[in-house]
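**Q** Below you will find the structure I want to go over with you.
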Amino acid sequence: ASSGGAVAENSRRGPWKNSSSAPWGDEDVAARLQLAAGADRCSSQEIPLGSKCTGCPPMLDGKLCATTTWYEDRTKGSCGCGDAPMVEDDYWTLNSFTAALNTVSMDPQDPALTYCLSGCGSCYELCTTGGSINSQDLAMPPGQCTVFKITNRCADGWQEGVADWCSQHMSWQECQADPEKCRQPGGTNIFGYSAHFDLQDAHRQIQHTLGWINPEVTFEPVSCDRWTGPPQAECPGCSWKR
């Protein structure tokens with residue numbers, strides 16, 4: 001489940017290949033991956049199949065890179081976006097470009113928080129790099145950019161201490177500020193990225209409208225004025241924190 005207790009039972013992600021659930025701390029695995037991928041990579045359990053990004057944390061053209069997946073979650077999510085536990089099919093969180101962000105990047109001060117995290121409602125522009133993570137034959141063309149609003153939390157692997165999409169124990173800001181620490185096992189996710197975005201695909205806006213299937217992306221925080229969703233979009237469950 002991508003969002004702790006807030007995620008629906010039927011949530012799912014795109015294709016997963018070369019997955020592993022070995023815990024961090026396996027120094028032999030980390031060393032082997034470093035050798036295979038080159039010394040400039042962050043330590044990671046798996047190696048991206050077709051990355052265009054380099055360094056630790058991975059970057060392209062001066063921007064940080066991230067992994068993506070897609071999911072379906074019809075709850076109000078970790079940001080309380082809805083008046084009931086399950087929202088209507090035409091609710092804005094389901095039919096707009098929204099996403100769950102890895103928990104430590106969503107709330108670096110309190111990543112264990114499962115509801116009303118500090119990153120709720122923030123917006124990020126994601127742009128395809130032309131690279132792929134775990135489906136090399138499905139790489140998207142580079143330069144396709146879309147702004148997403150954060151409405152949910154992804155914590156896959158974080159609490160368990162197991163390498164997964166959202167298992168980073170450093171935020172993307174911390175990785176950017178301290179690359180050497182970021183290189184250590186557990187600093188990034190299973191593929192060595194400092195951030196992960198799980199994209200809401202309840203209306204196939206990701207797979208069909210954008211044509212995205214787990215692309216590698218660059219990302220940067222942007223004003224939500226650039227988001228194409230409804231201007232009146234609110235998360236009443238967390239409005240008391242604003």
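How things are named: the first chain in the structure tokens is A, the next is B, and so on; residues count from 1 in each chain; ligands count from 1 in the order shown.
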May I have the residues within 6 Å of Gly80 in chain A as a PyMOL selection string, using only C-alpha atoms and disregarding those fewer than 5 positions away in the same chain?

**A** chain A and resi 235+237-238

**Q** If we count only C-alpha atoms and set the cut-off at 8 Å, which residues sit around range 219-221 of chain A, ignoring sequence neighbours fewer than 3 positions away in its own chain? Please answer as a PyMOL selection string.

**A** chain A and resi 63-66+122-127

**Q** Please produce a file of those selected residues containing all heavy atoms, as a PDB file, in the first residue's frame.

**A**
ATOM      1  N   LYS A  63      18.675  19.457 -12.631  1.00  0.00           N
ATOM      2  CA  LYS A  63      17.471  19.177 -11.851  1.00  0.00           C
ATOM      3  C   LYS A  63      17.555  17.777 -11.243  1.00  0.00           C
ATOM      4  O   LYS A  63      18.101  16.855 -11.857  1.00  0.00           O
ATOM      5  CB  LYS A  63      16.211  19.277 -12.725  1.00  0.00           C
ATOM      6  CG  LYS A  63      15.937  20.675 -13.239  1.00  0.00           C
ATOM      7  CD  LYS A  63      14.649  20.709 -14.060  1.00  0.00           C
ATOM      8  CE  LYS A  63      14.354  22.107 -14.584  1.00  0.00           C
ATOM      9  NZ  LYS A  63      13.102  22.140 -15.373  1.00  0.00           N
ATOM     10  N   LEU A  64      17.010  17.637 -10.048  1.00  0.00           N
ATOM     11  CA  LEU A  64      16.959  16.335  -9.399  1.00  0.00           C
ATOM     12  C   LEU A  64      16.028  15.390 -10.155  1.00  0.00           C
ATOM     13  O   LEU A  64      15.048  15.812 -10.766  1.00  0.00           O
ATOM     14  CB  LEU A  64      16.465  16.483  -7.961  1.00  0.00           C
ATOM     15  CG  LEU A  64      17.439  17.142  -6.979  1.00  0.00           C
ATOM     16  CD1 LEU A  64      16.709  17.509  -5.695  1.00  0.00           C
ATOM     17  CD2 LEU A  64      18.608  16.218  -6.688  1.00  0.00           C
ATOM     18  N   CYS A  65      16.349  14.112 -10.085  1.00  0.00           N
ATOM     19  CA  CYS A  65      15.545  13.088 -10.762  1.00  0.00           C
ATOM     20  C   CYS A  65      14.795  12.247  -9.737  1.00  0.00           C
ATOM     21  O   CYS A  65      15.195  12.139  -8.580  1.00  0.00           O
ATOM     22  CB  CYS A  65      16.435  12.183 -11.606  1.00  0.00           C
ATOM     23  SG  CYS A  65      17.296  13.045 -12.945  1.00  0.00           S
ATOM     24  N   ALA A  66      13.707  11.628 -10.194  1.00  0.00           N
ATOM     25  CA  ALA A  66      12.877  10.806  -9.317  1.00  0.00           C
ATOM     26  C   ALA A  66      12.325   9.615 -10.083  1.00  0.00           C
ATOM     27  O   ALA A  66      12.270   9.611 -11.316  1.00  0.00           O
ATOM     28  CB  ALA A  66      11.712  11.630  -8.752  1.00  0.00           C
ATOM     29  N   SER A 122       1.260  20.800  -1.739  1.00  0.00           N
ATOM     30  CA  SER A 122       2.357  21.377  -2.528  1.00  0.00           C
ATOM     31  C   SER A 122       2.292  20.869  -3.968  1.00  0.00           C
ATOM     32  O   SER A 122       1.620  19.875  -4.259  1.00  0.00           O
ATOM     33  CB  SER A 122       3.708  21.035  -1.900  1.00  0.00           C
ATOM     34  OG  SER A 122       3.862  19.629  -1.780  1.00  0.00           O
ATOM     35  N   CYS A 123       2.962  21.555  -4.851  1.00  0.00           N
ATOM     36  CA  CYS A 123       2.927  21.190  -6.272  1.00  0.00           C
ATOM     37  C   CYS A 123       4.345  21.022  -6.820  1.00  0.00           C
ATOM     38  O   CYS A 123       5.266  21.759  -6.428  1.00  0.00           O
ATOM     39  CB  CYS A 123       2.187  22.250  -7.084  1.00  0.00           C
ATOM     40  SG  CYS A 123       0.399  22.322  -6.739  1.00  0.00           S
ATOM     41  N   TYR A 124       4.486  20.059  -7.718  1.00  0.00           N
ATOM     42  CA  TYR A 124       5.771  19.768  -8.356  1.00  0.00           C
ATOM     43  C   TYR A 124       5.575  19.609  -9.852  1.00  0.00           C
ATOM     44  O   TYR A 124       4.585  19.012 -10.297  1.00  0.00           O
ATOM     45  CB  TYR A 124       6.355  18.454  -7.820  1.00  0.00           C
ATOM     46  CG  TYR A 124       6.880  18.513  -6.413  1.00  0.00           C
ATOM     47  CD1 TYR A 124       6.021  18.406  -5.320  1.00  0.00           C
ATOM     48  CD2 TYR A 124       8.238  18.669  -6.163  1.00  0.00           C
ATOM     49  CE1 TYR A 124       6.503  18.450  -4.019  1.00  0.00           C
ATOM     50  CE2 TYR A 124       8.730  18.705  -4.858  1.00  0.00           C
ATOM     51  CZ  TYR A 124       7.855  18.595  -3.801  1.00  0.00           C
ATOM     52  OH  TYR A 124       8.339  18.634  -2.514  1.00  0.00           O
ATOM     53  N   GLU A 125       6.528  20.124 -10.600  1.00  0.00           N
ATOM     54  CA  GLU A 125       6.542  19.856 -12.035  1.00  0.00           C
ATOM     55  C   GLU A 125       7.434  18.653 -12.296  1.00  0.00           C
ATOM     56  O   GLU A 125       8.604  18.642 -11.898  1.00  0.00           O
ATOM     57  CB  GLU A 125       7.067  21.050 -12.830  1.00  0.00           C
ATOM     58  CG  GLU A 125       7.022  20.793 -14.339  1.00  0.00           C
ATOM     59  CD  GLU A 125       7.497  21.968 -15.161  1.00  0.00           C
ATOM     60  OE1 GLU A 125       8.641  22.444 -14.931  1.00  0.00           O
ATOM     61  OE2 GLU A 125       6.733  22.425 -16.036  1.00  0.00           O
ATOM     62  N   LEU A 126       6.866  17.641 -12.948  1.00  0.00           N
ATOM     63  CA  LEU A 126       7.605  16.448 -13.342  1.00  0.00           C
ATOM     64  C   LEU A 126       7.808  16.477 -14.846  1.00  0.00           C
ATOM     65  O   LEU A 126       6.861  16.737 -15.606  1.00  0.00           O
ATOM     66  CB  LEU A 126       6.843  15.180 -12.956  1.00  0.00           C
ATOM     67  CG  LEU A 126       6.359  15.045 -11.505  1.00  0.00           C
ATOM     68  CD1 LEU A 126       5.742  13.658 -11.287  1.00  0.00           C
ATOM     69  CD2 LEU A 126       7.465  15.315 -10.517  1.00  0.00           C
ATOM     70  N   CYS A 127       9.014  16.187 -15.291  1.00  0.00           N
ATOM     71  CA  CYS A 127       9.336  16.164 -16.723  1.00  0.00           C
ATOM     72  C   CYS A 127      10.051  14.853 -17.057  1.00  0.00           C
ATOM     73  O   CYS A 127      11.042  14.505 -16.403  1.00  0.00           O
ATOM     74  CB  CYS A 127      10.237  17.334 -17.111  1.00  0.00           C
ATOM     75  SG  CYS A 127       9.508  18.972 -16.868  1.00  0.00           S
TER      76      CYS A 127
END

**Q** Applying 9 Å and only C-alpha atoms, which residues near range 135-142 of chain A remain after dropping the ones on its own chain fewer than 6 positions away? List them as a list of chain:residue names.

**A**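 The contact residues come out as A:Pro15, A:Trp16, A:Lys17, A:Pro48, A:Leu49, A:Gly50, A:Cys127, A:Thr128, A:Thr129, A:Gly211, A:Trp212, A:Ile213, A:Asn214, A:Pro215, A:Glu216, A:Val217.
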
**Q** Emit the selected residues as a PDB file, in the first residue's frame, including N, CA and C atoms.

**A**
ATOM      1  N   PRO A  15       3.948  -1.830 -13.888  1.00  0.00           N
ATOM      2  CA  PRO A  15       4.753  -3.047 -13.939  1.00  0.00           C
ATOM      3  C   PRO A  15       5.977  -2.964 -13.042  1.00  0.00           C
ATOM      4  N   TRP A  16       6.272  -4.057 -12.384  1.00  0.00           N
ATOM      5  CA  TRP A  16       7.426  -4.126 -11.473  1.00  0.00           C
ATOM      6  C   TRP A  16       8.331  -5.241 -11.937  1.00  0.00           C
ATOM      7  N   LYS A  17       9.546  -4.910 -12.268  1.00  0.00           N
ATOM      8  CA  LYS A  17      10.527  -5.902 -12.692  1.00  0.00           C
ATOM      9  C   LYS A  17      11.790  -5.734 -11.869  1.00  0.00           C
ATOM     10  N   PRO A  48      18.557   1.094 -12.174  1.00  0.00           N
ATOM     11  CA  PRO A  48      17.594   1.451 -13.221  1.00  0.00           C
ATOM     12  C   PRO A  48      18.017   0.856 -14.565  1.00  0.00           C
ATOM     13  N   LEU A  49      17.043   0.417 -15.347  1.00  0.00           N
ATOM     14  CA  LEU A  49      17.359  -0.243 -16.607  1.00  0.00           C
ATOM     15  C   LEU A  49      17.801   0.727 -17.694  1.00  0.00           C
ATOM     16  N   GLY A  50      17.319   1.970 -17.625  1.00  0.00           N
ATOM     17  CA  GLY A  50      17.658   2.899 -18.704  1.00  0.00           C
ATOM     18  C   GLY A  50      17.700   4.344 -18.246  1.00  0.00           C
ATOM     19  N   CYS A 127       9.014  16.187 -15.291  1.00  0.00           N
ATOM     20  CA  CYS A 127       9.336  16.164 -16.723  1.00  0.00           C
ATOM     21  C   CYS A 127      10.051  14.853 -17.057  1.00  0.00           C
ATOM     22  N   THR A 128       9.579  14.153 -18.050  1.00  0.00           N
ATOM     23  CA  THR A 128      10.218  12.903 -18.450  1.00  0.00           C
ATOM     24  C   THR A 128      11.634  13.171 -18.944  1.00  0.00           C
ATOM     25  N   THR A 129      12.532  12.247 -18.610  1.00  0.00           N
ATOM     26  CA  THR A 129      13.933  12.377 -19.037  1.00  0.00           C
ATOM     27  C   THR A 129      14.209  11.616 -20.338  1.00  0.00           C
ATOM     28  N   GLY A 211       0.342   8.903 -21.325  1.00  0.00           N
ATOM     29  CA  GLY A 211       1.107   7.807 -21.915  1.00  0.00           C
ATOM     30  C   GLY A 211       2.315   7.429 -21.085  1.00  0.00           C
ATOM     31  N   TRP A 212       2.242   7.690 -19.758  1.00  0.00           N
ATOM     32  CA  TRP A 212       3.374   7.414 -18.873  1.00  0.00           C
ATOM     33  C   TRP A 212       3.204   6.061 -18.192  1.00  0.00           C
ATOM     34  N   ILE A 213       4.243   5.259 -18.185  1.00  0.00           N
ATOM     35  CA  ILE A 213       4.276   4.010 -17.430  1.00  0.00           C
ATOM     36  C   ILE A 213       5.615   3.957 -16.689  1.00  0.00           C
ATOM     37  N   ASN A 214       5.589   4.460 -15.474  1.00  0.00           N
ATOM     38  CA  ASN A 214       6.770   4.463 -14.604  1.00  0.00           C
ATOM     39  C   ASN A 214       7.999   5.151 -15.213  1.00  0.00           C
ATOM     40  N   PRO A 215       7.843   6.335 -15.805  1.00  0.00           N
ATOM     41  CA  PRO A 215       9.031   6.974 -16.382  1.00  0.00           C
ATOM     42  C   PRO A 215       9.948   7.557 -15.314  1.00  0.00           C
ATOM     43  N   GLU A 216      11.216   7.670 -15.645  1.00  0.00           N
ATOM     44  CA  GLU A 216      12.143   8.487 -14.870  1.00  0.00           C
ATOM     45  C   GLU A 216      11.822   9.946 -15.181  1.00  0.00           C
ATOM     46  N   VAL A 217      11.825  10.795 -14.153  1.00  0.00           N
ATOM     47  CA  VAL A 217      11.493  12.207 -14.351  1.00  0.00           C
ATOM     48  C   VAL A 217      12.477  13.101 -13.612  1.00  0.00           C
TER      49      VAL A 217
END

**Q** Quick one: residues within 12 Å of range 223-225 of chain A, only C-alpha atoms, excluding same-chain residues fewer than 2 positions away - as a VMD selection string?

**A** chain A and resid 97 to 98 120 to 125 146 to 150 220 to 221 227 to 233

**Q** In Å, how far is it from CA of His208 in chain A to CA of Gly143 in chain A?

**A**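 We find that CA of His208 in chain A and CA of Gly143 in chain A lie 17.4 Å from each other.
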
**Q** Taking the DSSP secondary structure from the backbone, can you list the residues of range 69-223 of chain A that are helix (DSSP H, G or I), as a PyMOL selection string?

**A** chain A and resi 92-95+103-106+136-138+172-177+179-182+205-210

**Q** Go ahead and write the selection's residues with N, CA and C atoms as a PDB file, in the first residue's frame.

**A**
ATOM      1  N   TRP A  92     -12.082  15.779  -7.440  1.00  0.00           N
ATOM      2  CA  TRP A  92     -10.916  16.366  -8.101  1.00  0.00           C
ATOM      3  C   TRP A  92      -9.621  15.591  -7.854  1.00  0.00           C
ATOM      4  N   THR A  93      -9.495  14.940  -6.700  1.00  0.00           N
ATOM      5  CA  THR A  93      -8.266  14.182  -6.444  1.00  0.00           C
ATOM      6  C   THR A  93      -8.134  12.975  -7.360  1.00  0.00           C
ATOM      7  N   LEU A  94      -9.260  12.517  -7.913  1.00  0.00           N
ATOM      8  CA  LEU A  94      -9.249  11.332  -8.769  1.00  0.00           C
ATOM      9  C   LEU A  94      -9.133  11.664 -10.245  1.00  0.00           C
ATOM     10  N   ASN A  95      -9.644  12.828 -10.672  1.00  0.00           N
ATOM     11  CA  ASN A  95      -9.638  13.119 -12.107  1.00  0.00           C
ATOM     12  C   ASN A  95      -8.659  14.209 -12.519  1.00  0.00           C
ATOM     13  N   THR A 103       7.303   9.602   1.939  1.00  0.00           N
ATOM     14  CA  THR A 103       6.960  10.221   3.219  1.00  0.00           C
ATOM     15  C   THR A 103       8.040  11.121   3.805  1.00  0.00           C
ATOM     16  N   VAL A 104       9.318  10.751   3.674  1.00  0.00           N
ATOM     17  CA  VAL A 104      10.355  11.572   4.290  1.00  0.00           C
ATOM     18  C   VAL A 104      10.554  12.883   3.526  1.00  0.00           C
ATOM     19  N   SER A 105      10.244  12.906   2.243  1.00  0.00           N
ATOM     20  CA  SER A 105      10.293  14.157   1.489  1.00  0.00           C
ATOM     21  C   SER A 105       9.035  14.986   1.717  1.00  0.00           C
ATOM     22  N   MET A 106       7.951  14.309   2.041  1.00  0.00           N
ATOM     23  CA  MET A 106       6.683  15.004   2.262  1.00  0.00           C
ATOM     24  C   MET A 106       6.660  15.710   3.613  1.00  0.00           C
ATOM     25  N   GLN A 136      12.346  -1.114 -19.498  1.00  0.00           N
ATOM     26  CA  GLN A 136      13.192  -0.435 -20.480  1.00  0.00           C
ATOM     27  C   GLN A 136      12.502  -0.259 -21.834  1.00  0.00           C
ATOM     28  N   ASP A 137      11.605  -1.182 -22.183  1.00  0.00           N
ATOM     29  CA  ASP A 137      10.933  -1.096 -23.473  1.00  0.00           C
ATOM     30  C   ASP A 137       9.795  -0.087 -23.475  1.00  0.00           C
ATOM     31  N   LEU A 138       9.526   0.553 -22.325  1.00  0.00           N
ATOM     32  CA  LEU A 138       8.407   1.482 -22.228  1.00  0.00           C
ATOM     33  C   LEU A 138       8.875   2.901 -21.916  1.00  0.00           C
ATOM     34  N   TRP A 172      14.654  14.624  -0.237  1.00  0.00           N
ATOM     35  CA  TRP A 172      15.422  15.046  -1.414  1.00  0.00           C
ATOM     36  C   TRP A 172      16.252  16.285  -1.096  1.00  0.00           C
ATOM     37  N   GLN A 173      15.737  17.141  -0.201  1.00  0.00           N
ATOM     38  CA  GLN A 173      16.502  18.330   0.185  1.00  0.00           C
ATOM     39  C   GLN A 173      17.767  17.929   0.946  1.00  0.00           C
ATOM     40  N   GLU A 174      17.646  16.938   1.839  1.00  0.00           N
ATOM     41  CA  GLU A 174      18.802  16.480   2.604  1.00  0.00           C
ATOM     42  C   GLU A 174      19.833  15.812   1.704  1.00  0.00           C
ATOM     43  N   CYS A 175      19.362  15.045   0.735  1.00  0.00           N
ATOM     44  CA  CYS A 175      20.285  14.408  -0.209  1.00  0.00           C
ATOM     45  C   CYS A 175      21.031  15.439  -1.036  1.00  0.00           C
ATOM     46  N   GLN A 176      20.321  16.454  -1.463  1.00  0.00           N
ATOM     47  CA  GLN A 176      20.947  17.509  -2.260  1.00  0.00           C
ATOM     48  C   GLN A 176      21.989  18.263  -1.447  1.00  0.00           C
ATOM     49  N   ALA A 177      21.722  18.446  -0.149  1.00  0.00           N
ATOM     50  CA  ALA A 177      22.642  19.190   0.708  1.00  0.00           C
ATOM     51  C   ALA A 177      23.837  18.361   1.157  1.00  0.00           C
ATOM     52  N   PRO A 179      25.423  15.037  -0.345  1.00  0.00           N
ATOM     53  CA  PRO A 179      25.508  13.898  -1.266  1.00  0.00           C
ATOM     54  C   PRO A 179      26.254  12.696  -0.699  1.00  0.00           C
ATOM     55  N   GLU A 180      27.284  12.929   0.107  1.00  0.00           N
ATOM     56  CA  GLU A 180      28.044  11.803   0.649  1.00  0.00           C
ATOM     57  C   GLU A 180      27.186  10.955   1.582  1.00  0.00           C
ATOM     58  N   LYS A 181      26.413  11.596   2.413  1.00  0.00           N
ATOM     59  CA  LYS A 181      25.498  10.862   3.293  1.00  0.00           C
ATOM     60  C   LYS A 181      24.408  10.181   2.475  1.00  0.00           C
ATOM     61  N   CYS A 182      23.988  10.854   1.431  1.00  0.00           N
ATOM     62  CA  CYS A 182      22.942  10.315   0.551  1.00  0.00           C
ATOM     63  C   CYS A 182      23.391   9.018  -0.116  1.00  0.00           C
ATOM     64  N   GLN A 205      -5.564   8.957 -16.336  1.00  0.00           N
ATOM     65  CA  GLN A 205      -4.932  10.191 -16.789  1.00  0.00           C
ATOM     66  C   GLN A 205      -3.423  10.044 -16.930  1.00  0.00           C
ATOM     67  N   ILE A 206      -2.855   9.032 -16.292  1.00  0.00           N
ATOM     68  CA  ILE A 206      -1.412   8.812 -16.381  1.00  0.00           C
ATOM     69  C   ILE A 206      -1.086   7.894 -17.555  1.00  0.00           C
ATOM     70  N   GLN A 207      -1.647   6.694 -17.555  1.00  0.00           N
ATOM     71  CA  GLN A 207      -1.321   5.718 -18.599  1.00  0.00           C
ATOM     72  C   GLN A 207      -1.851   6.117 -19.973  1.00  0.00           C
ATOM     73  N   HIS A 208      -3.076   6.636 -20.024  1.00  0.00           N
ATOM     74  CA  HIS A 208      -3.689   6.922 -21.323  1.00  0.00           C
ATOM     75  C   HIS A 208      -3.498   8.373 -21.765  1.00  0.00           C
ATOM     76  N   THR A 209      -3.830   9.337 -20.888  1.00  0.00           N
ATOM     77  CA  THR A 209      -3.716  10.747 -21.292  1.00  0.00           C
ATOM     78  C   THR A 209      -2.256  11.154 -21.507  1.00  0.00           C
ATOM     79  N   LEU A 210      -1.421  10.857 -20.522  1.00  0.00           N
ATOM     80  CA  LEU A 210       0.001  11.210 -20.644  1.00  0.00           C
ATOM     81  C   LEU A 210       0.804  10.139 -21.373  1.00  0.00           C
TER      82      LEU A 210
END

**Q** How far is it from CA of Ile133 in chain A to CA of Tyr71 in chain A, in Å with one decimal?

**A**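 That distance, rounded to one decimal, is 16.4 Å.
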
**Q** I'd like a table as a Markdown table: residues in range 44-115 of chain A with an atom no more than 6 Å from range 190-196 of chain A, each row giving the shortest atom pair and its distance in Å to one decimal, only C-alpha atoms counted, sorted by chain and rising residue number.

**A**
| residue | atom | partner | partner_atom | distance |
| --- | --- | --- | --- | --- |
| A:Ser44 | CA | A:Gly192 | CA | 4.7 |
| A:Gln45 | CA | A:Ile190 | CA | 5.1 |
| A:Glu46 | CA | A:Phe191 | CA | 5.0 |
| A:Ile47 | CA | A:Phe191 | CA | 5.5 |
| A:Pro48 | CA | A:Phe191 | CA | 6.0 |
| A:Ala66 | CA | A:Ala195 | CA | 5.0 |
| A:Thr67 | CA | A:His196 | CA | 4.9 |
| A:Thr68 | CA | A:His196 | CA | 5.7 |
| A:Leu101 | CA | A:His196 | CA | 6.0 |
| A:Asn102 | CA | A:His196 | CA | 5.4 |

**Q** Would you put the residues from that selection into a file with N, CA, C and O atoms, as a compact mmCIF listing (two decimals), in the first residue's frame?

**A**
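Everything below was put into part_14.txt:
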# COMPACT_ATOMS: atom_id res chain seq x y z
N SER A 44 22.17 1.48 -3.91
CA SER A 44 20.78 1.06 -4.09
C SER A 44 20.70 -0.44 -4.32
O SER A 44 21.66 -1.06 -4.79
N GLN A 45 19.55 -1.00 -3.99
CA GLN A 45 19.33 -2.43 -4.10
C GLN A 45 19.22 -2.86 -5.56
O GLN A 45 19.63 -3.95 -5.93
N GLU A 46 18.65 -1.99 -6.39
CA GLU A 46 18.46 -2.29 -7.81
C GLU A 46 19.06 -1.17 -8.66
O GLU A 46 19.23 -0.04 -8.19
N ILE A 47 19.34 -1.49 -9.92
CA ILE A 47 19.90 -0.52 -10.86
C ILE A 47 18.84 -0.19 -11.91
O ILE A 47 18.24 -1.10 -12.49
N PRO A 48 18.56 1.09 -12.17
CA PRO A 48 17.59 1.45 -13.22
C PRO A 48 18.02 0.86 -14.56
O PRO A 48 19.21 0.83 -14.89
N ALA A 66 13.71 11.63 -10.19
CA ALA A 66 12.88 10.81 -9.32
C ALA A 66 12.33 9.62 -10.08
O ALA A 66 12.27 9.61 -11.32
N THR A 67 11.91 8.62 -9.31
CA THR A 67 11.17 7.50 -9.87
C THR A 67 9.67 7.82 -9.80
O THR A 67 9.23 8.65 -8.99
N THR A 68 8.89 7.17 -10.65
CA THR A 68 7.43 7.30 -10.60
C THR A 68 6.77 5.94 -10.75
O THR A 68 7.35 5.01 -11.32
N LEU A 101 3.66 11.51 -2.46
CA LEU A 101 5.11 11.73 -2.41
C LEU A 101 5.70 10.86 -1.30
O LEU A 101 5.05 10.60 -0.29
N ASN A 102 6.93 10.40 -1.49
CA ASN A 102 7.56 9.58 -0.46
C ASN A 102 7.58 10.33 0.87
O ASN A 102 7.81 11.53 0.93

**Q** Taking the DSSP assignment computed from this structure's backbone, write out as a VMD selection string all residues of range 18-140 of chain A that belong to strand (DSSP E).

**A** chain A and resid 59 to 60 63 to 71 98 to 102 123 to 132

**Q** One number please: CA of Ala99 in chain A to CA of Pro185 in chain A, in Å, one decimal.

**A**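 Separating CA of Ala99 in chain A from CA of Pro185 in chain A is a distance of 25.8 Å.
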
**Q** Can you pull out every residue within 10 Å of Ala112 in chain A, counting only C-alpha atoms, but drop anything in the same chain fewer than 5 positions away, and send it as an mmCIF file with all heavy atoms, in the first residue's frame?

**A**
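Generated output (out-v4.cif):
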data_model
loop_
_atom_site.group_PDB
_atom_site.id
_atom_site.type_symbol
_atom_site.label_atom_id
_atom_site.label_comp_id
_atom_site.auth_asym_id
_atom_site.auth_seq_id
_atom_site.Cartn_x
_atom_site.Cartn_y
_atom_site.Cartn_z
ATOM 1 N N GLY A 4 0.221 4.192 3.588
ATOM 2 C CA GLY A 4 -0.048 3.799 4.955
ATOM 3 C C GLY A 4 -1.499 3.401 5.129
ATOM 4 O O GLY A 4 -2.104 2.783 4.294
ATOM 5 N N THR A 103 7.303 9.602 1.939
ATOM 6 C CA THR A 103 6.960 10.221 3.219
ATOM 7 C C THR A 103 8.040 11.121 3.805
ATOM 8 O O THR A 103 7.741 12.168 4.372
ATOM 9 C CB THR A 103 6.538 9.139 4.233
ATOM 10 O OG1 THR A 103 5.995 9.763 5.390
ATOM 11 C CG2 THR A 103 7.699 8.223 4.628
ATOM 12 N N VAL A 104 9.318 10.751 3.674
ATOM 13 C CA VAL A 104 10.355 11.572 4.290
ATOM 14 C C VAL A 104 10.554 12.883 3.526
ATOM 15 O O VAL A 104 10.970 13.895 4.120
ATOM 16 C CB VAL A 104 11.682 10.791 4.424
ATOM 17 C CG1 VAL A 104 12.359 10.605 3.073
ATOM 18 C CG2 VAL A 104 12.625 11.469 5.414
ATOM 19 N N ASP A 107 7.325 15.118 4.608
ATOM 20 C CA ASP A 107 7.394 15.737 5.930
ATOM 21 C C ASP A 107 8.716 15.341 6.589
ATOM 22 O O ASP A 107 8.760 14.425 7.415
ATOM 23 C CB ASP A 107 6.213 15.305 6.801
ATOM 24 C CG ASP A 107 5.999 16.240 7.987
ATOM 25 O OD1 ASP A 107 7.003 16.766 8.520
ATOM 26 O OD2 ASP A 107 4.839 16.458 8.373
ATOM 27 N N LEU A 117 0.315 15.751 6.657
ATOM 28 C CA LEU A 117 1.749 16.018 6.615
ATOM 29 C C LEU A 117 2.001 17.422 6.097
ATOM 30 O O LEU A 117 1.165 18.013 5.394
ATOM 31 C CB LEU A 117 2.454 14.985 5.741
ATOM 32 C CG LEU A 117 2.454 13.538 6.262
ATOM 33 C CD1 LEU A 117 1.177 12.811 5.887
ATOM 34 C CD2 LEU A 117 3.648 12.773 5.722
ATOM 35 N N ALA A 155 4.703 5.411 1.693
ATOM 36 C CA ALA A 155 5.659 4.979 2.721
ATOM 37 C C ALA A 155 6.143 3.559 2.492
ATOM 38 O O ALA A 155 6.651 2.918 3.418
ATOM 39 C CB ALA A 155 5.024 5.094 4.099
ATOM 40 N N TRP A 158 9.472 2.230 4.096
ATOM 41 C CA TRP A 158 10.118 3.198 4.989
ATOM 42 C C TRP A 158 10.145 2.698 6.432
ATOM 43 O O TRP A 158 11.206 2.650 7.054
ATOM 44 C CB TRP A 158 9.390 4.538 4.920
ATOM 45 C CG TRP A 158 9.991 5.561 5.829
ATOM 46 C CD1 TRP A 158 11.120 6.304 5.606
ATOM 47 C CD2 TRP A 158 9.536 5.919 7.139
ATOM 48 N NE1 TRP A 158 11.392 7.110 6.680
ATOM 49 C CE2 TRP A 158 10.433 6.895 7.636
ATOM 50 C CE3 TRP A 158 8.458 5.528 7.932
ATOM 51 C CZ2 TRP A 158 10.276 7.471 8.894
ATOM 52 C CZ3 TRP A 158 8.310 6.099 9.182
ATOM 53 C CH2 TRP A 158 9.205 7.057 9.651
ATOM 54 N N GLN A 159 9.006 2.321 6.954
ATOM 55 C CA GLN A 159 8.959 1.884 8.343
ATOM 56 C C GLN A 159 9.606 0.519 8.534
ATOM 57 O O GLN A 159 10.249 0.250 9.548
ATOM 58 C CB GLN A 159 7.508 1.838 8.834
ATOM 59 C CG GLN A 159 7.368 1.530 10.315
ATOM 60 C CD GLN A 159 5.949 1.714 10.808
ATOM 61 O OE1 GLN A 159 5.046 2.061 10.068
ATOM 62 N NE2 GLN A 159 5.741 1.483 12.091
#

**Q** If you count only C-alpha atoms, which residues fall within 12 Å of Asp83 in chain A, apart from same-chain ones fewer than 2 positions away, as number ranges by chain?

**A** A: 75-77, 79-81, 85-88, 91, 234-239
